[in-house]
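Enquirer: Handing you this structure, nothing more for now.
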Amino acid sequence: MFGFVQTVNGEYEPPGDKSISHRAVMFGALAEGKSRFENFLTADDCLRTVNAFQAMGIPISLETRTRALEIEGKGLQGLKAPSQELDLGNSGTTMRLLLGILAGQRFEAVLTGDDSLRSRPMKRVTKPLKQMGAQIKGKDDANYAPLTIHGGKLKGIEFENDLASAQVKSAILLAGLYAEGKTRVFEKIPSRDHTERFLKAAKAPFQKEGEWLSVQKASRLAPLQAKLAGDFSSAAFFITAAAMLEESRLLVKNVGLNPTRTGLVRILKRMGASIEAKVKEESLEPLGEIQVTGKRLKGVRIAPEEVPSVIDELPVLMVACALAEGESLISGASELRVKETDRIHSMAVGLNSLGGKVKELPDGCLIEGIKTLHGGEIDSFGDHRTAMAFAIANLASEGEVTLRDTDCIKTSYPSFFKDLEVLKKA
């Protein structure tokens with residue numbers, strides 16, 4: 001790709017939310033009766049979740065043109081043992097949440113994935129699930145896939161979610177639907193709450209009690225009908241581009257505005273961005289629009305307690321910080337080092353090769369802003385968010401930028417480059 005400072009303009013509607021699409025499949029499968037979800041994300045990660053539940057006997061149909069997903073739910077105990085390993089590709093969300101569901105089943109299953117997924121830590125989920133009574137085996141005391149899980153009689157536990165991980169929390173709450181007694185999760189720093197919203201909508205015995213989340217054994221889940229929100233994390237790449245590139249004007253429509261996901265808006269405002277978000281309707285999640293006008297941004301401090309609400313947006317935020325006036329500090333983000341790749345490292349290496357001034361820290365980075373980037377050759381490290389972040393960095397480059405390995409983007413946002421080209425021409 002050839003870089004020169006550009007703008008993004010026009011109206012844009014993001015694809016369906018990846019996190020919510022995963023959960024739609026899972027809750028639809030465990031409900032009793034037919035569920036229907038519009039605006040399902042047809043990216044590889046979400047299709048891996050669909051394939052996994054189909055392999056366990058759940059009828060699922062997807063209308064490609066309208067992206068409407070219909071699921072014939074078989075109930076909490078309606079899954080069947082898969083006849084072969086469940087290959088989850090690159091989807092960590094699928095693996096971690098599915099472990100919670102399988103912990104309560106009466107059969108054995110093997111979960112595996114690609115090289116990246118097999119290198120990502122799973123003990124954060126398998127350890128508490130073992131405490132609840134599940135039998136899980138795998139490399140390094142069930143820390144790495146392939147993982148063999150045999151569900152059993154579960155008991156409720158109390159668990160402190162000190163990683164502020166929505167995936168860990170969700171796995172335990174899902175297992176709690178099968179456990180005797182009460183399962184409680186403590187969250188001092190709230191993580192994204194999509195699972196809690198699904199539990200409430202499906203009429204599960206779930207409660208939020210201050211900083212505690214609790215669930216009890218369920219007899220059934222109700223089927224659901226909903227329009228899924230547009231993915232804020234996908235929109236974040238274009239929102240950030242519009243905010244940092246002068247003369248850009250962007251209207252994002254039908255985007256999810258769940259407050260546990262929109263930390264990016266709050267941080268960009270602190271950087272001086274001209275950005276406004278407005279909720280228009282509710283459908284499982286709040287949906288609305290975001291108006292952005294471009295200007296030179298200022299450096300910012302991103303504190304540890306803010307990280308959970310912006311964890312997927314940090315790569316593109318690092319691009320914005322690299323081009324902002326002054327110094328920026330990101331701390332408390334060590335979780336970025338165990339994503340599809342070490343995103344602190346991949347972003348620092350790439351930005352520095354384009355003339356940026358980024359210093360890696362154990363749990364974040366220190367960034368000294370510059371006016372523009374120059375050309376260079378960038379490795380995505382096989383990570384979709386790193387790749388998309390550098391496609392945005394390319395817009396602020398005065399030279400040629402070559403981005404290697406962009407196929408990884410298909411895991412979360414297959415139409416990314418198509419949407420980018422439309423907004424560049426608007």
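Convention: chains lettered A, B, ... in structure tokens order; per-chain residue numbering from 1; ligands numbered from 1 as shown.
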Would you mind listing what lies within 7 Å of segment 309-319 of chain A as a PDB file with C-alpha atoms, in the first residue's frame, with only C-alpha atoms counted and same-chain residues fewer than 2 positions away left out?
Expert:
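Full text of around02.pdb as output:
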ATOM      1  CA  SER A 191     -14.900  -5.879  32.312  1.00  0.00           C
ATOM      2  CA  ARG A 192     -17.274  -5.908  29.338  1.00  0.00           C
ATOM      3  CA  SER A 233     -13.986  -2.395  18.293  1.00  0.00           C
ATOM      4  CA  ALA A 236     -12.689   2.073  16.531  1.00  0.00           C
ATOM      5  CA  PHE A 237     -10.135   1.981  13.719  1.00  0.00           C
ATOM      6  CA  THR A 260     -18.032  -1.153  29.246  1.00  0.00           C
ATOM      7  CA  ARG A 261     -16.771  -1.010  25.649  1.00  0.00           C
ATOM      8  CA  THR A 262     -16.551   2.717  24.869  1.00  0.00           C
ATOM      9  CA  GLY A 263     -13.442   3.707  26.806  1.00  0.00           C
ATOM     10  CA  LEU A 264     -11.954   4.838  23.479  1.00  0.00           C
ATOM     11  CA  GLU A 306      -9.285   2.142  32.083  1.00  0.00           C
ATOM     12  CA  VAL A 307      -7.664  -0.754  30.230  1.00  0.00           C
ATOM     13  CA  CYS A 321      -0.617   8.600  20.597  1.00  0.00           C
ATOM     14  CA  ALA A 322       2.362   8.275  18.233  1.00  0.00           C
ATOM     15  CA  LEU A 323       0.968  11.194  16.205  1.00  0.00           C
ATOM     16  CA  ARG A 343       0.588  -6.421  20.884  1.00  0.00           C
ATOM     17  CA  MET A 347       2.951  -2.098  17.788  1.00  0.00           C
ATOM     18  CA  ARG A 385      -5.715  -5.752  15.316  1.00  0.00           C
ATOM     19  CA  THR A 386      -2.041  -5.018  14.744  1.00  0.00           C
ATOM     20  CA  ALA A 389      -3.901  -0.458  13.292  1.00  0.00           C
ATOM     21  CA  ALA A 393      -1.166   4.450  10.506  1.00  0.00           C
TER      22      ALA A 393
END
Enquirer: Compile the contact shell of segment 327-329 of chain A as a PyMOL selection string: residues with an atom at most 12 Å away, counting only C-alpha atoms, same-chain residues fewer than 2 positions apart removed.
Expert: chain A and resi 267+270-271+297-304+314+317-325+331-333+356-361+363-370
Enquirer: Expressed in Å to a single decimal, how great is the separation between atom CA of Phe186 of chain A and atom CA of Val265 of chain A?
Expert: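 Atom-to-atom, atom CA of Phe186 of chain A to atom CA of Val265 of chain A, that is 26.3 Å.
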Enquirer: Select, from A:His374, A:Arg118, A:Arg48, A:Lys74, the residue with the minimum atom-to-atom distance to Asp87 of chain A, counting only C-alpha atoms.
Expert: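 Distance minimum relative to Asp87 of chain A lands on A:Arg48.
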Enquirer: Could you list, as a PDB file with N, CA and C atoms, in the first residue's frame, every residue within 6 Å of Ala179 of chain A, counting only C-alpha atoms and ignoring same-chain residues fewer than 6 positions away?
Expert:
ATOM      1  N   LEU A 154     -20.866 -30.146  39.012  1.00  0.00           N
ATOM      2  CA  LEU A 154     -20.158 -28.934  39.410  1.00  0.00           C
ATOM      3  C   LEU A 154     -20.724 -28.377  40.705  1.00  0.00           C
ATOM      4  N   LYS A 155     -19.859 -27.647  41.423  1.00  0.00           N
ATOM      5  CA  LYS A 155     -20.295 -26.906  42.609  1.00  0.00           C
ATOM      6  C   LYS A 155     -19.901 -25.443  42.436  1.00  0.00           C
ATOM      7  N   GLY A 156     -20.713 -24.556  42.981  1.00  0.00           N
ATOM      8  CA  GLY A 156     -20.440 -23.134  42.866  1.00  0.00           C
ATOM      9  C   GLY A 156     -19.201 -22.725  43.645  1.00  0.00           C
ATOM     10  N   LYS A 217     -27.788 -22.477  39.557  1.00  0.00           N
ATOM     11  CA  LYS A 217     -28.117 -23.526  38.598  1.00  0.00           C
ATOM     12  C   LYS A 217     -29.452 -23.223  37.925  1.00  0.00           C
TER      13      LYS A 217
END
Enquirer: Running DSSP on the backbone, which parts of segment 171-309 of chain A land in strand (DSSP E or B), as a ChimeraX atom specification?
Expert: /A:179-180,182-186,206-209,212-216,225-227,230,249-256,274-283,285-293,298,301-302
Enquirer: Write out the residues from the selection above, keeping C-alpha atoms, as a CSV table (one decimal), in the first residue's frame.
Expert:
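To be explicit, this is the file written out as again08.csv:
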chain,number,residue,atom,x,y,z
A,179,ALA,CA,-23.4,-25.9,39.4
A,180,GLU,CA,-25.0,-26.7,42.7
A,182,LYS,CA,-24.3,-20.1,44.1
A,183,THR,CA,-21.4,-19.2,41.8
A,184,ARG,CA,-20.1,-15.7,42.5
A,185,VAL,CA,-17.5,-13.6,40.7
A,186,PHE,CA,-16.0,-10.4,42.2
A,206,PHE,CA,-28.4,-14.1,37.6
A,207,GLN,CA,-27.9,-11.1,39.9
A,208,LYS,CA,-25.5,-8.2,40.2
A,209,GLU,CA,-24.8,-7.4,43.8
A,212,TRP,CA,-20.3,-9.3,42.9
A,213,LEU,CA,-21.9,-11.2,40.0
A,214,SER,CA,-23.8,-14.3,41.0
A,215,VAL,CA,-25.6,-17.1,39.1
A,216,GLN,CA,-27.3,-20.2,40.3
A,225,GLN,CA,-34.8,-12.4,19.2
A,226,ALA,CA,-32.5,-9.4,18.7
A,227,LYS,CA,-30.6,-7.2,16.3
A,230,GLY,CA,-22.4,-3.0,15.3
A,249,ARG,CA,-15.6,14.1,9.2
A,250,LEU,CA,-17.2,10.7,10.0
A,251,LEU,CA,-20.6,9.6,11.2
A,252,VAL,CA,-20.8,6.0,12.6
A,253,LYS,CA,-24.3,4.6,12.6
A,254,ASN,CA,-25.9,1.6,14.4
A,255,VAL,CA,-22.8,1.0,16.6
A,256,GLY,CA,-22.8,-0.6,20.0
A,274,SER,CA,-14.1,16.4,18.6
A,275,ILE,CA,-16.3,13.4,19.2
A,276,GLU,CA,-19.8,12.8,20.4
A,277,ALA,CA,-21.7,9.6,21.0
A,278,LYS,CA,-25.5,9.3,21.3
A,279,VAL,CA,-27.7,6.2,22.1
A,280,LYS,CA,-30.6,5.8,19.7
A,281,GLU,CA,-32.2,2.4,20.7
A,282,GLU,CA,-31.8,-0.7,22.9
A,283,SER,CA,-31.7,-4.3,21.5
A,285,GLU,CA,-27.3,-3.7,24.0
A,286,PRO,CA,-27.5,0.1,23.5
A,287,LEU,CA,-27.1,1.1,19.9
A,288,GLY,CA,-26.4,4.6,18.5
A,289,GLU,CA,-24.2,6.8,16.5
A,290,ILE,CA,-20.9,8.6,16.9
A,291,GLN,CA,-19.9,11.9,15.1
A,292,VAL,CA,-16.2,12.6,14.7
A,293,THR,CA,-14.3,15.6,13.3
A,298,LYS,CA,-2.7,15.7,22.5
A,301,ARG,CA,-2.2,9.0,30.3
A,302,ILE,CA,-4.2,5.7,30.2
